[in-house]
file work.csv (CSV, C-alpha atoms)
chain,number,residue,atom,x,y,z
Q,171,MET,CA,-30.7,-1.3,-17.1
Q,172,LYS,CA,-32.1,2.2,-17.4
Q,173,LYS,CA,-31.7,5.1,-14.9
Q,174,ILE,CA,-34.9,7.1,-14.7
Q,175,LEU,CA,-35.5,10.6,-13.3
Q,176,LEU,CA,-39.2,11.1,-12.6
Q,177,LEU,CA,-40.6,14.6,-12.1
Q,178,SER,CA,-43.8,16.5,-12.3
Q,179,ASP,CA,-45.5,19.8,-11.8
Q,180,THR,CA,-42.6,22.0,-12.8
Q,181,HIS,CA,-45.0,24.9,-13.5
Q,182,SER,CA,-42.4,26.6,-15.7
Q,183,TYR,CA,-39.5,26.2,-13.2
Q,184,ILE,CA,-36.2,24.4,-13.8
Q,185,ASP,CA,-32.8,25.2,-12.4
Q,186,GLU,CA,-29.3,23.9,-12.4
Q,187,ALA,CA,-29.9,21.7,-9.3
Q,188,ILE,CA,-32.7,19.8,-11.3
Q,189,LEU,CA,-30.6,19.7,-14.4
Q,190,LYS,CA,-27.7,18.2,-12.5
Q,191,HIS,CA,-30.0,15.2,-11.8
Q,192,VAL,CA,-31.2,15.2,-15.4
Q,193,LYS,CA,-27.6,14.7,-16.6
Q,194,GLN,CA,-27.2,11.6,-14.4
Q,195,ALA,CA,-30.3,9.8,-15.8
Q,196,ASP,CA,-30.7,7.7,-19.0
Q,197,GLU,CA,-34.2,9.0,-19.5
Q,198,VAL,CA,-36.4,11.7,-17.9
Q,199,TRP,CA,-40.1,11.2,-17.4
Q,200,HIS,CA,-42.4,14.2,-16.7
Q,201,ALA,CA,-45.9,13.6,-15.4
Q,202,GLY,CA,-47.4,16.9,-16.5
Q,203,ASP,CA,-48.0,20.6,-15.6
Q,204,ILE,CA,-44.9,21.5,-17.5
Q,205,GLY,CA,-45.7,25.2,-17.9
Q,206,ASP,CA,-43.4,27.0,-20.2
Q,207,LEU,CA,-41.9,24.5,-22.7
Q,208,GLN,CA,-38.4,25.9,-22.1
Q,209,VAL,CA,-38.5,23.4,-19.2
Q,210,THR,CA,-38.9,20.4,-21.5
Q,211,ASP,CA,-36.6,21.9,-24.1
Q,212,LYS,CA,-33.8,22.1,-21.6
Q,213,ILE,CA,-34.4,18.5,-20.6
Q,214,LYS,CA,-34.5,17.3,-24.2
Q,215,ASN,CA,-31.2,19.0,-24.9
Q,216,LEU,CA,-29.6,16.7,-22.4
Q,217,LYS,CA,-31.6,13.4,-22.3
Q,218,PRO,CA,-34.5,11.5,-23.9
Q,219,LEU,CA,-37.8,12.8,-22.4
Q,220,ARG,CA,-41.2,11.1,-22.1
Q,221,ALA,CA,-43.9,13.4,-20.9
Q,222,VAL,CA,-47.6,14.2,-20.7
Q,223,TYR,CA,-49.4,17.5,-20.5
Q,224,GLY,CA,-51.3,18.5,-17.4
Q,225,ASN,CA,-54.3,20.7,-16.6
Q,226,ILE,CA,-52.3,23.9,-16.6
Q,227,ASP,CA,-50.6,23.3,-19.9
Q,228,ASP,CA,-51.5,25.3,-22.9
Q,229,ALA,CA,-52.3,24.3,-26.5
Q,230,LYS,CA,-48.7,24.2,-27.5
Q,231,ALA,CA,-47.8,21.7,-24.8
Q,232,ARG,CA,-50.9,19.7,-25.7
Q,233,THR,CA,-49.7,19.5,-29.3
Q,234,GLU,CA,-46.2,18.3,-28.3
Q,235,PHE,CA,-47.2,15.9,-25.5
Q,236,PRO,CA,-50.1,13.4,-25.1
Q,237,LEU,CA,-52.6,13.2,-22.2
Q,238,HIS,CA,-51.5,9.5,-21.7
Q,239,ASN,CA,-48.1,8.1,-22.4
Q,240,LYS,CA,-48.0,4.3,-22.5
Q,241,PHE,CA,-44.7,2.5,-23.3
Q,242,MET,CA,-42.3,-0.2,-22.3
Q,243,CYS,CA,-39.1,0.3,-20.4
Q,244,GLU,CA,-36.9,-2.7,-20.2
Q,245,ASP,CA,-39.6,-5.5,-19.6
Q,246,MET,CA,-42.0,-3.2,-17.7
Q,247,SER,CA,-45.1,-1.6,-19.0
Q,248,ILE,CA,-45.5,2.1,-18.0
Q,249,TRP,CA,-48.5,4.4,-18.1
Q,250,ILE,CA,-48.0,8.1,-17.3
Q,251,THR,CA,-50.9,10.6,-17.0
Q,252,HIS,CA,-51.3,13.8,-15.1
Q,253,ILE,CA,-54.6,13.2,-13.3
Q,254,GLY,CA,-55.1,9.6,-12.5
Q,255,GLY,CA,-55.6,9.3,-8.7
Q,256,TYR,CA,-54.0,6.6,-6.6
Q,257,PRO,CA,-54.8,3.1,-5.2
Q,258,PRO,CA,-57.7,2.5,-4.8
Q,259,LYS,CA,-59.1,6.0,-5.5
Q,260,TYR,CA,-58.4,6.2,-9.2
Q,261,ASN,CA,-59.8,9.0,-11.3
Q,262,ASN,CA,-62.9,8.0,-13.3
Q,263,ARG,CA,-61.2,9.0,-16.5
Q,264,VAL,CA,-58.7,6.1,-16.1
Q,265,LYS,CA,-60.3,3.6,-13.8
Q,266,GLU,CA,-61.9,1.3,-16.4
Q,267,ALA,CA,-58.9,1.1,-18.7
Q,268,LEU,CA,-56.5,0.7,-15.7
Q,269,THR,CA,-58.6,-2.1,-14.4
Q,270,ALA,CA,-58.9,-3.8,-17.8
Q,271,ASN,CA,-55.2,-3.6,-18.6
Q,272,PRO,CA,-53.0,-2.5,-15.7
Q,273,PRO,CA,-49.4,-1.5,-16.4
Q,274,ASP,CA,-46.5,-2.6,-14.2
Q,275,ILE,CA,-46.0,1.1,-13.2
Q,276,PHE,CA,-48.8,3.7,-13.1
Q,277,ILE,CA,-47.4,7.3,-12.8
Q,278,THR,CA,-49.4,10.4,-12.0
Q,279,GLY,CA,-48.8,14.0,-11.0
Q,280,HIS,CA,-51.2,16.8,-10.1
Q,281,SER,CA,-51.5,16.4,-6.4
Q,282,HIS,CA,-48.1,17.8,-5.5
Q,283,ILE,CA,-47.9,14.9,-3.0
Q,284,LEU,CA,-45.1,12.4,-3.2
Q,285,LYS,CA,-46.5,8.9,-3.1
Q,286,VAL,CA,-45.1,5.5,-4.0
Q,287,MET,CA,-47.5,2.6,-3.2
Q,288,PRO,CA,-48.4,-0.8,-4.5
Q,289,ASP,CA,-51.8,-1.7,-5.7
Q,290,LYS,CA,-52.0,-5.4,-4.8
Q,291,LYS,CA,-55.4,-5.8,-6.4
Q,292,LEU,CA,-54.2,-4.6,-9.8
Q,293,ASP,CA,-50.6,-5.8,-9.3
Q,294,LEU,CA,-49.0,-2.5,-10.1
Q,295,LEU,CA,-46.8,0.1,-8.5
Q,296,HIS,CA,-48.2,3.6,-8.3
Q,297,MET,CA,-45.8,6.5,-8.4
Q,298,ASN,CA,-46.3,10.3,-8.0
Q,299,PRO,CA,-43.1,12.2,-7.7
Q,300,GLY,CA,-44.7,15.2,-6.0
Q,301,ALA,CA,-43.9,18.7,-7.4
Q,302,VAL,CA,-40.5,20.0,-8.3
Q,303,GLY,CA,-41.7,23.5,-9.3
Q,304,LYS,CA,-42.0,26.4,-7.0
Q,305,HIS,CA,-45.7,27.1,-7.6
Q,306,GLY,CA,-48.2,25.4,-5.2
Q,307,PHE,CA,-48.8,24.6,-1.6
Q,308,HIS,CA,-46.0,22.0,-1.1
Q,309,LYS,CA,-43.3,22.8,1.4
Q,310,VAL,CA,-40.6,20.5,-0.1
Q,311,ARG,CA,-40.0,20.1,-3.8
Q,312,THR,CA,-39.5,16.5,-4.8
Q,313,MET,CA,-38.5,14.1,-7.6
Q,314,LEU,CA,-37.9,10.4,-7.8
Q,315,ARG,CA,-34.8,8.6,-9.2
Q,316,PHE,CA,-34.7,4.8,-9.8
Q,317,LYS,CA,-33.4,2.1,-12.0
Q,318,ILE,CA,-35.3,-0.4,-14.1
Q,319,GLU,CA,-33.7,-3.7,-14.8
Q,320,GLY,CA,-35.8,-6.2,-16.7
Q,321,LYS,CA,-39.0,-6.5,-14.5
Q,322,THR,CA,-37.3,-5.0,-11.4
Q,323,ILE,CA,-37.2,-1.5,-9.9
Q,324,LYS,CA,-34.0,-0.9,-8.0
Q,325,ASP,CA,-32.4,1.9,-6.0
Q,326,LEU,CA,-35.5,4.1,-5.6
Q,327,GLU,CA,-34.6,7.4,-4.1
Q,328,VAL,CA,-36.4,10.6,-3.2
Q,329,ILE,CA,-34.7,13.8,-4.2
Q,330,GLU,CA,-35.7,16.8,-2.1
Q,331,PHE,CA,-35.2,20.6,-2.5
Q,332,ASP,CA,-36.3,23.4,-0.3
Q,333,SER,CA,-39.2,25.4,-1.6

call {"tool": "encode", "arguments": {"input": "work.csv", "output": "structure tokens"}}
result
Amino acid sequence: MKKILLLSDTHSYIDEAILKHVKQADEVWHAGDIGDLQVTDKIKNLKPLRAVYGNIDDAKARTEFPLHNKFMCEDMSIWITHIGGYPPKYNNRVKEALTANPPDIFITGHSHILKVMPDKKLDLLHMNPGAVGKHGFHKVRTMLRFKIEGKTIKDLEVIEFDS
């Protein structure tokens, strides 16, 4: 079993409240728009990190992190990318590959809108943790916390902070 903290759109912002949740996870996944890499450095000093770069990230972030991060966690296939859309309105950049080989969990960021929804056609779960940074139109900053055990997601929780 792995305890996952999923966040996105930090836009260079990280604080002790976020780091408190980082410390409770086994792994942290970041769905892009990191901003200053001190954000990911602070996370990596505490826990293993899997991340992608987003549209606001500079060349340094794009060197350190991929556009797409595909991996296995327990017995589930995971695909993280920053701009990917959501069921059934997937971004054209991912639609063909997603349809040809859908993961168990498809994670995106970018919209700053928290969303967890199944795609019954592709038999996957789409997750967008919203935005935990302070830059953007969102009124509430959000992250997701959950456990993966084998092929099962358990104890999914939304973590909210005031903007």

call {"tool": "residues_around", "arguments": {"input": "work.csv", "residues": "segment 284-292 of chain Q", "least_positions_apart": "6", "cutoff": "9 Å", "atoms": "all atoms listed in the file", "output": "list in words"}}
result
Tyr256, Pro257, Pro258, Leu268, Thr269, Asn271, Pro272, Pro273, Asn298, Pro299, Gly300, Ala301, Thr312, Met313, Leu314 and Val328 of chain Q

call {"tool": "write_last_selection", "arguments": {"input": "work.csv", "atoms": "C-alpha atoms", "output": "PDB file, keeping the file's coordinate frame"}}
result
ATOM      1  CA  TYR Q 256     -54.000   6.600  -6.600  1.00  0.00           C
ATOM      2  CA  PRO Q 257     -54.800   3.100  -5.200  1.00  0.00           C
ATOM      3  CA  PRO Q 258     -57.700   2.500  -4.800  1.00  0.00           C
ATOM      4  CA  LEU Q 268     -56.500   0.700 -15.700  1.00  0.00           C
ATOM      5  CA  THR Q 269     -58.600  -2.100 -14.400  1.00  0.00           C
ATOM      6  CA  ASN Q 271     -55.200  -3.600 -18.600  1.00  0.00           C
ATOM      7  CA  PRO Q 272     -53.000  -2.500 -15.700  1.00  0.00           C
ATOM      8  CA  PRO Q 273     -49.400  -1.500 -16.400  1.00  0.00           C
ATOM      9  CA  ASN Q 298     -46.300  10.300  -8.000  1.00  0.00           C
ATOM     10  CA  PRO Q 299     -43.100  12.200  -7.700  1.00  0.00           C
ATOM     11  CA  GLY Q 300     -44.700  15.200  -6.000  1.00  0.00           C
ATOM     12  CA  ALA Q 301     -43.900  18.700  -7.400  1.00  0.00           C
ATOM     13  CA  THR Q 312     -39.500  16.500  -4.800  1.00  0.00           C
ATOM     14  CA  MET Q 313     -38.500  14.100  -7.600  1.00  0.00           C
ATOM     15  CA  LEU Q 314     -37.900  10.400  -7.800  1.00  0.00           C
ATOM     16  CA  VAL Q 328     -36.400  10.600  -3.200  1.00  0.00           C
TER      17      VAL Q 328
END

call {"tool": "closest_residue", "arguments": {"input": "work.csv", "among": "Q:Asn262, Q:Gly255, Q:Lys304, Q:Ala270", "to": "Thr180 of chain Q", "atoms": "all atoms listed in the file"}}
result
Q:Lys304

call {"tool": "residues_near_point", "arguments": {"input": "work.csv", "point": "(-39.8, 24.5, 0.3)", "cutoff": "8 Å", "atoms": "only C-alpha atoms", "output": "MDAnalysis selection string"}}
result
chainID Q and resid 304 308:311 331:333

call {"tool": "write_last_selection", "arguments": {"input": "work.csv", "atoms": "C-alpha atoms", "output": "compact mmCIF listing (two decimals), in the coordinates of the input"}}
result
# COMPACT_ATOMS: atom_id res chain seq x y z
CA LYS Q 304 -42.00 26.40 -7.00
CA HIS Q 308 -46.00 22.00 -1.10
CA LYS Q 309 -43.30 22.80 1.40
CA VAL Q 310 -40.60 20.50 -0.10
CA ARG Q 311 -40.00 20.10 -3.80
CA PHE Q 331 -35.20 20.60 -2.50
CA ASP Q 332 -36.30 23.40 -0.30
CA SER Q 333 -39.20 25.40 -1.60

call {"tool": "closest_residue", "arguments": {"input": "work.csv", "among": "Q:Ala231, Q:Val302, Q:Met242, Q:Ile323", "to": "Thr210 of chain Q", "atoms": "all atoms listed in the file"}}
result
Q:Ala231

call {"tool": "closest_residue", "arguments": {"input": "work.csv", "among": "Q:Leu326, Q:Val209, Q:Ile253, Q:Val198", "to": "Lys265 of chain Q", "atoms": "all atoms listed in the file"}}
result
Q:Ile253

call {"tool": "residues_around", "arguments": {"input": "work.csv", "residues": "Gly254 of chain Q", "least_positions_apart": "6", "cutoff": "7 Å", "atoms": "all atoms listed in the file", "output": "tab-separated table (two decimals) with C-alpha atoms, in the coordinates of the input"}}
result
chain	number	residue	atom	x	y	z
Q	260	TYR	CA	-58.40	6.20	-9.20
Q	261	ASN	CA	-59.80	9.00	-11.30
Q	264	VAL	CA	-58.70	6.10	-16.10
Q	278	THR	CA	-49.40	10.40	-12.00

call {"tool": "residues_near_point", "arguments": {"input": "work.csv", "point": "(-42.6, 2.9, -19.2)", "cutoff": "12 Å", "atoms": "all atoms listed in the file", "output": "PDB file with C-alpha atoms, in the frame of the given file"}}
result
ATOM      1  CA  LYS Q 172     -32.100   2.200 -17.400  1.00  0.00           C
ATOM      2  CA  LYS Q 173     -31.700   5.100 -14.900  1.00  0.00           C
ATOM      3  CA  ILE Q 174     -34.900   7.100 -14.700  1.00  0.00           C
ATOM      4  CA  LEU Q 176     -39.200  11.100 -12.600  1.00  0.00           C
ATOM      5  CA  GLU Q 197     -34.200   9.000 -19.500  1.00  0.00           C
ATOM      6  CA  VAL Q 198     -36.400  11.700 -17.900  1.00  0.00           C
ATOM      7  CA  TRP Q 199     -40.100  11.200 -17.400  1.00  0.00           C
ATOM      8  CA  HIS Q 200     -42.400  14.200 -16.700  1.00  0.00           C
ATOM      9  CA  ALA Q 201     -45.900  13.600 -15.400  1.00  0.00           C
ATOM     10  CA  LEU Q 219     -37.800  12.800 -22.400  1.00  0.00           C
ATOM     11  CA  ARG Q 220     -41.200  11.100 -22.100  1.00  0.00           C
ATOM     12  CA  ALA Q 221     -43.900  13.400 -20.900  1.00  0.00           C
ATOM     13  CA  HIS Q 238     -51.500   9.500 -21.700  1.00  0.00           C
ATOM     14  CA  ASN Q 239     -48.100   8.100 -22.400  1.00  0.00           C
ATOM     15  CA  LYS Q 240     -48.000   4.300 -22.500  1.00  0.00           C
ATOM     16  CA  PHE Q 241     -44.700   2.500 -23.300  1.00  0.00           C
ATOM     17  CA  MET Q 242     -42.300  -0.200 -22.300  1.00  0.00           C
ATOM     18  CA  CYS Q 243     -39.100   0.300 -20.400  1.00  0.00           C
ATOM     19  CA  GLU Q 244     -36.900  -2.700 -20.200  1.00  0.00           C
ATOM     20  CA  ASP Q 245     -39.600  -5.500 -19.600  1.00  0.00           C
ATOM     21  CA  MET Q 246     -42.000  -3.200 -17.700  1.00  0.00           C
ATOM     22  CA  SER Q 247     -45.100  -1.600 -19.000  1.00  0.00           C
ATOM     23  CA  ILE Q 248     -45.500   2.100 -18.000  1.00  0.00           C
ATOM     24  CA  TRP Q 249     -48.500   4.400 -18.100  1.00  0.00           C
ATOM     25  CA  ILE Q 250     -48.000   8.100 -17.300  1.00  0.00           C
ATOM     26  CA  THR Q 251     -50.900  10.600 -17.000  1.00  0.00           C
ATOM     27  CA  PRO Q 273     -49.400  -1.500 -16.400  1.00  0.00           C
ATOM     28  CA  ASP Q 274     -46.500  -2.600 -14.200  1.00  0.00           C
ATOM     29  CA  ILE Q 275     -46.000   1.100 -13.200  1.00  0.00           C
ATOM     30  CA  PHE Q 276     -48.800   3.700 -13.100  1.00  0.00           C
ATOM     31  CA  ILE Q 277     -47.400   7.300 -12.800  1.00  0.00           C
ATOM     32  CA  LEU Q 295     -46.800   0.100  -8.500  1.00  0.00           C
ATOM     33  CA  MET Q 297     -45.800   6.500  -8.400  1.00  0.00           C
ATOM     34  CA  LYS Q 317     -33.400   2.100 -12.000  1.00  0.00           C
ATOM     35  CA  ILE Q 318     -35.300  -0.400 -14.100  1.00  0.00           C
ATOM     36  CA  GLU Q 319     -33.700  -3.700 -14.800  1.00  0.00           C
ATOM     37  CA  GLY Q 320     -35.800  -6.200 -16.700  1.00  0.00           C
ATOM     38  CA  LYS Q 321     -39.000  -6.500 -14.500  1.00  0.00           C
ATOM     39  CA  ILE Q 323     -37.200  -1.500  -9.900  1.00  0.00           C
TER      40      ILE Q 323
END

call {"tool": "atom_distance", "arguments": {"input": "work.csv", "atom1": "atom CA of Ile226 of chain Q", "atom2": "atom CA of Glu330 of chain Q"}}
result
23.2 Å

call {"tool": "atom_distance", "arguments": {"input": "work.csv", "atom1": "atom CA of Ser182 of chain Q", "atom2": "atom CA of Ile204 of chain Q"}}
result
6.0 Å

call {"tool": "atom_distance", "arguments": {"input": "work.csv", "atom1": "atom CA of Pro236 of chain Q", "atom2": "atom CA of Gly306 of chain Q"}}
result
23.3 Å

call {"tool": "closest_residue", "arguments": {"input": "work.csv", "among": "Q:Asp211, Q:Asp325, Q:Asp203, Q:Glu186", "to": "Tyr223 of chain Q", "atoms": "all atoms listed in the file"}}
result
Q:Asp203

call {"tool": "decode", "arguments": {"input": "work.csv", "residues": "segment 277-288 of chain Q", "atoms": "all heavy atoms", "output": "PDB file, in the first residue's frame"}}
result
ATOM      1  N   ILE Q 277      -3.913  11.683 -14.725  1.00  0.00           N
ATOM      2  CA  ILE Q 277      -3.824  12.869 -13.863  1.00  0.00           C
ATOM      3  C   ILE Q 277      -3.399  14.079 -14.678  1.00  0.00           C
ATOM      4  O   ILE Q 277      -2.424  14.018 -15.428  1.00  0.00           O
ATOM      5  CB  ILE Q 277      -2.809  12.628 -12.724  1.00  0.00           C
ATOM      6  CG1 ILE Q 277      -3.291  11.480 -11.825  1.00  0.00           C
ATOM      7  CG2 ILE Q 277      -2.581  13.905 -11.921  1.00  0.00           C
ATOM      8  CD1 ILE Q 277      -2.250  10.981 -10.845  1.00  0.00           C
ATOM      9  N   THR Q 278      -4.135  15.177 -14.488  1.00  0.00           N
ATOM     10  CA  THR Q 278      -3.799  16.444 -15.130  1.00  0.00           C
ATOM     11  C   THR Q 278      -3.829  17.564 -14.095  1.00  0.00           C
ATOM     12  O   THR Q 278      -4.322  17.406 -12.984  1.00  0.00           O
ATOM     13  CB  THR Q 278      -4.791  16.786 -16.260  1.00  0.00           C
ATOM     14  OG1 THR Q 278      -6.103  16.935 -15.707  1.00  0.00           O
ATOM     15  CG2 THR Q 278      -4.810  15.716 -17.327  1.00  0.00           C
ATOM     16  N   GLY Q 279      -3.329  18.708 -14.503  1.00  0.00           N
ATOM     17  CA  GLY Q 279      -3.401  19.938 -13.718  1.00  0.00           C
ATOM     18  C   GLY Q 279      -4.001  21.013 -14.601  1.00  0.00           C
ATOM     19  O   GLY Q 279      -4.967  20.780 -15.310  1.00  0.00           O
ATOM     20  N   HIS Q 280      -3.398  22.199 -14.592  1.00  0.00           N
ATOM     21  CA  HIS Q 280      -3.659  23.307 -15.499  1.00  0.00           C
ATOM     22  C   HIS Q 280      -4.941  24.094 -15.248  1.00  0.00           C
ATOM     23  O   HIS Q 280      -4.904  25.311 -15.211  1.00  0.00           O
ATOM     24  CB  HIS Q 280      -3.616  22.827 -16.959  1.00  0.00           C
ATOM     25  CG  HIS Q 280      -3.694  23.920 -17.965  1.00  0.00           C
ATOM     26  ND1 HIS Q 280      -2.747  24.918 -18.040  1.00  0.00           N
ATOM     27  CD2 HIS Q 280      -4.603  24.187 -18.932  1.00  0.00           C
ATOM     28  CE1 HIS Q 280      -3.075  25.739 -19.030  1.00  0.00           C
ATOM     29  NE2 HIS Q 280      -4.184  25.321 -19.569  1.00  0.00           N
ATOM     30  N   SER Q 281      -6.066  23.437 -15.058  1.00  0.00           N
ATOM     31  CA  SER Q 281      -7.352  24.148 -14.995  1.00  0.00           C
ATOM     32  C   SER Q 281      -7.587  24.851 -13.661  1.00  0.00           C
ATOM     33  O   SER Q 281      -8.440  25.729 -13.578  1.00  0.00           O
ATOM     34  CB  SER Q 281      -8.502  23.173 -15.244  1.00  0.00           C
ATOM     35  OG  SER Q 281      -8.640  22.283 -14.148  1.00  0.00           O
ATOM     36  N   HIS Q 282      -6.859  24.477 -12.631  1.00  0.00           N
ATOM     37  CA  HIS Q 282      -7.071  24.964 -11.258  1.00  0.00           C
ATOM     38  C   HIS Q 282      -8.431  24.526 -10.717  1.00  0.00           C
ATOM     39  O   HIS Q 282      -8.916  25.074  -9.733  1.00  0.00           O
ATOM     40  CB  HIS Q 282      -6.935  26.494 -11.152  1.00  0.00           C
ATOM     41  CG  HIS Q 282      -5.556  27.009 -11.405  1.00  0.00           C
ATOM     42  ND1 HIS Q 282      -5.064  28.119 -10.755  1.00  0.00           N
ATOM     43  CD2 HIS Q 282      -4.560  26.585 -12.223  1.00  0.00           C
ATOM     44  CE1 HIS Q 282      -3.826  28.355 -11.177  1.00  0.00           C
ATOM     45  NE2 HIS Q 282      -3.508  27.440 -12.071  1.00  0.00           N
ATOM     46  N   ILE Q 283      -9.042  23.552 -11.361  1.00  0.00           N
ATOM     47  CA  ILE Q 283     -10.367  23.053 -10.955  1.00  0.00           C
ATOM     48  C   ILE Q 283     -10.227  21.612 -10.476  1.00  0.00           C
ATOM     49  O   ILE Q 283      -9.849  20.723 -11.241  1.00  0.00           O
ATOM     50  CB  ILE Q 283     -11.377  23.142 -12.117  1.00  0.00           C
ATOM     51  CG1 ILE Q 283     -11.551  24.592 -12.569  1.00  0.00           C
ATOM     52  CG2 ILE Q 283     -12.716  22.528 -11.715  1.00  0.00           C
ATOM     53  CD1 ILE Q 283     -12.314  24.750 -13.872  1.00  0.00           C
ATOM     54  N   LEU Q 284     -10.541  21.408  -9.199  1.00  0.00           N
ATOM     55  CA  LEU Q 284     -10.506  20.061  -8.627  1.00  0.00           C
ATOM     56  C   LEU Q 284     -11.545  19.191  -9.326  1.00  0.00           C
ATOM     57  O   LEU Q 284     -12.709  19.583  -9.455  1.00  0.00           O
ATOM     58  CB  LEU Q 284     -10.823  20.141  -7.132  1.00  0.00           C
ATOM     59  CG  LEU Q 284     -11.011  18.809  -6.411  1.00  0.00           C
ATOM     60  CD1 LEU Q 284      -9.680  18.115  -6.220  1.00  0.00           C
ATOM     61  CD2 LEU Q 284     -11.694  19.031  -5.082  1.00  0.00           C
ATOM     62  N   LYS Q 285     -11.102  18.025  -9.783  1.00  0.00           N
ATOM     63  CA  LYS Q 285     -12.024  17.123 -10.479  1.00  0.00           C
ATOM     64  C   LYS Q 285     -11.534  15.694 -10.328  1.00  0.00           C
ATOM     65  O   LYS Q 285     -10.370  15.401 -10.591  1.00  0.00           O
ATOM     66  CB  LYS Q 285     -12.071  17.517 -11.958  1.00  0.00           C
ATOM     67  CG  LYS Q 285     -13.220  16.943 -12.732  1.00  0.00           C
ATOM     68  CD  LYS Q 285     -13.249  17.503 -14.154  1.00  0.00           C
ATOM     69  CE  LYS Q 285     -13.760  18.917 -14.142  1.00  0.00           C
ATOM     70  NZ  LYS Q 285     -14.197  19.413 -15.422  1.00  0.00           N
ATOM     71  N   VAL Q 286     -12.419  14.811  -9.900  1.00  0.00           N
ATOM     72  CA  VAL Q 286     -12.145  13.373  -9.867  1.00  0.00           C
ATOM     73  C   VAL Q 286     -13.351  12.718 -10.512  1.00  0.00           C
ATOM     74  O   VAL Q 286     -14.472  12.859 -10.013  1.00  0.00           O
ATOM     75  CB  VAL Q 286     -11.950  12.842  -8.431  1.00  0.00           C
ATOM     76  CG1 VAL Q 286     -11.737  11.332  -8.449  1.00  0.00           C
ATOM     77  CG2 VAL Q 286     -10.783  13.543  -7.749  1.00  0.00           C
ATOM     78  N   MET Q 287     -13.134  12.066 -11.652  1.00  0.00           N
ATOM     79  CA  MET Q 287     -14.272  11.476 -12.363  1.00  0.00           C
ATOM     80  C   MET Q 287     -13.845  10.261 -13.175  1.00  0.00           C
ATOM     81  O   MET Q 287     -12.758  10.227 -13.732  1.00  0.00           O
ATOM     82  CB  MET Q 287     -14.941  12.518 -13.265  1.00  0.00           C
ATOM     83  CG  MET Q 287     -14.046  13.111 -14.321  1.00  0.00           C
ATOM     84  SD  MET Q 287     -14.752  14.531 -15.203  1.00  0.00           S
ATOM     85  CE  MET Q 287     -16.147  13.814 -16.007  1.00  0.00           C
ATOM     86  N   PRO Q 288     -14.722   9.267 -13.219  1.00  0.00           N
ATOM     87  CA  PRO Q 288     -14.407   8.086 -14.027  1.00  0.00           C
ATOM     88  C   PRO Q 288     -14.679   8.348 -15.507  1.00  0.00           C
ATOM     89  O   PRO Q 288     -15.541   9.153 -15.852  1.00  0.00           O
ATOM     90  CB  PRO Q 288     -15.367   7.029 -13.491  1.00  0.00           C
ATOM     91  CG  PRO Q 288     -16.547   7.806 -13.005  1.00  0.00           C
ATOM     92  CD  PRO Q 288     -15.997   9.119 -12.505  1.00  0.00           C
TER      93      PRO Q 288
END
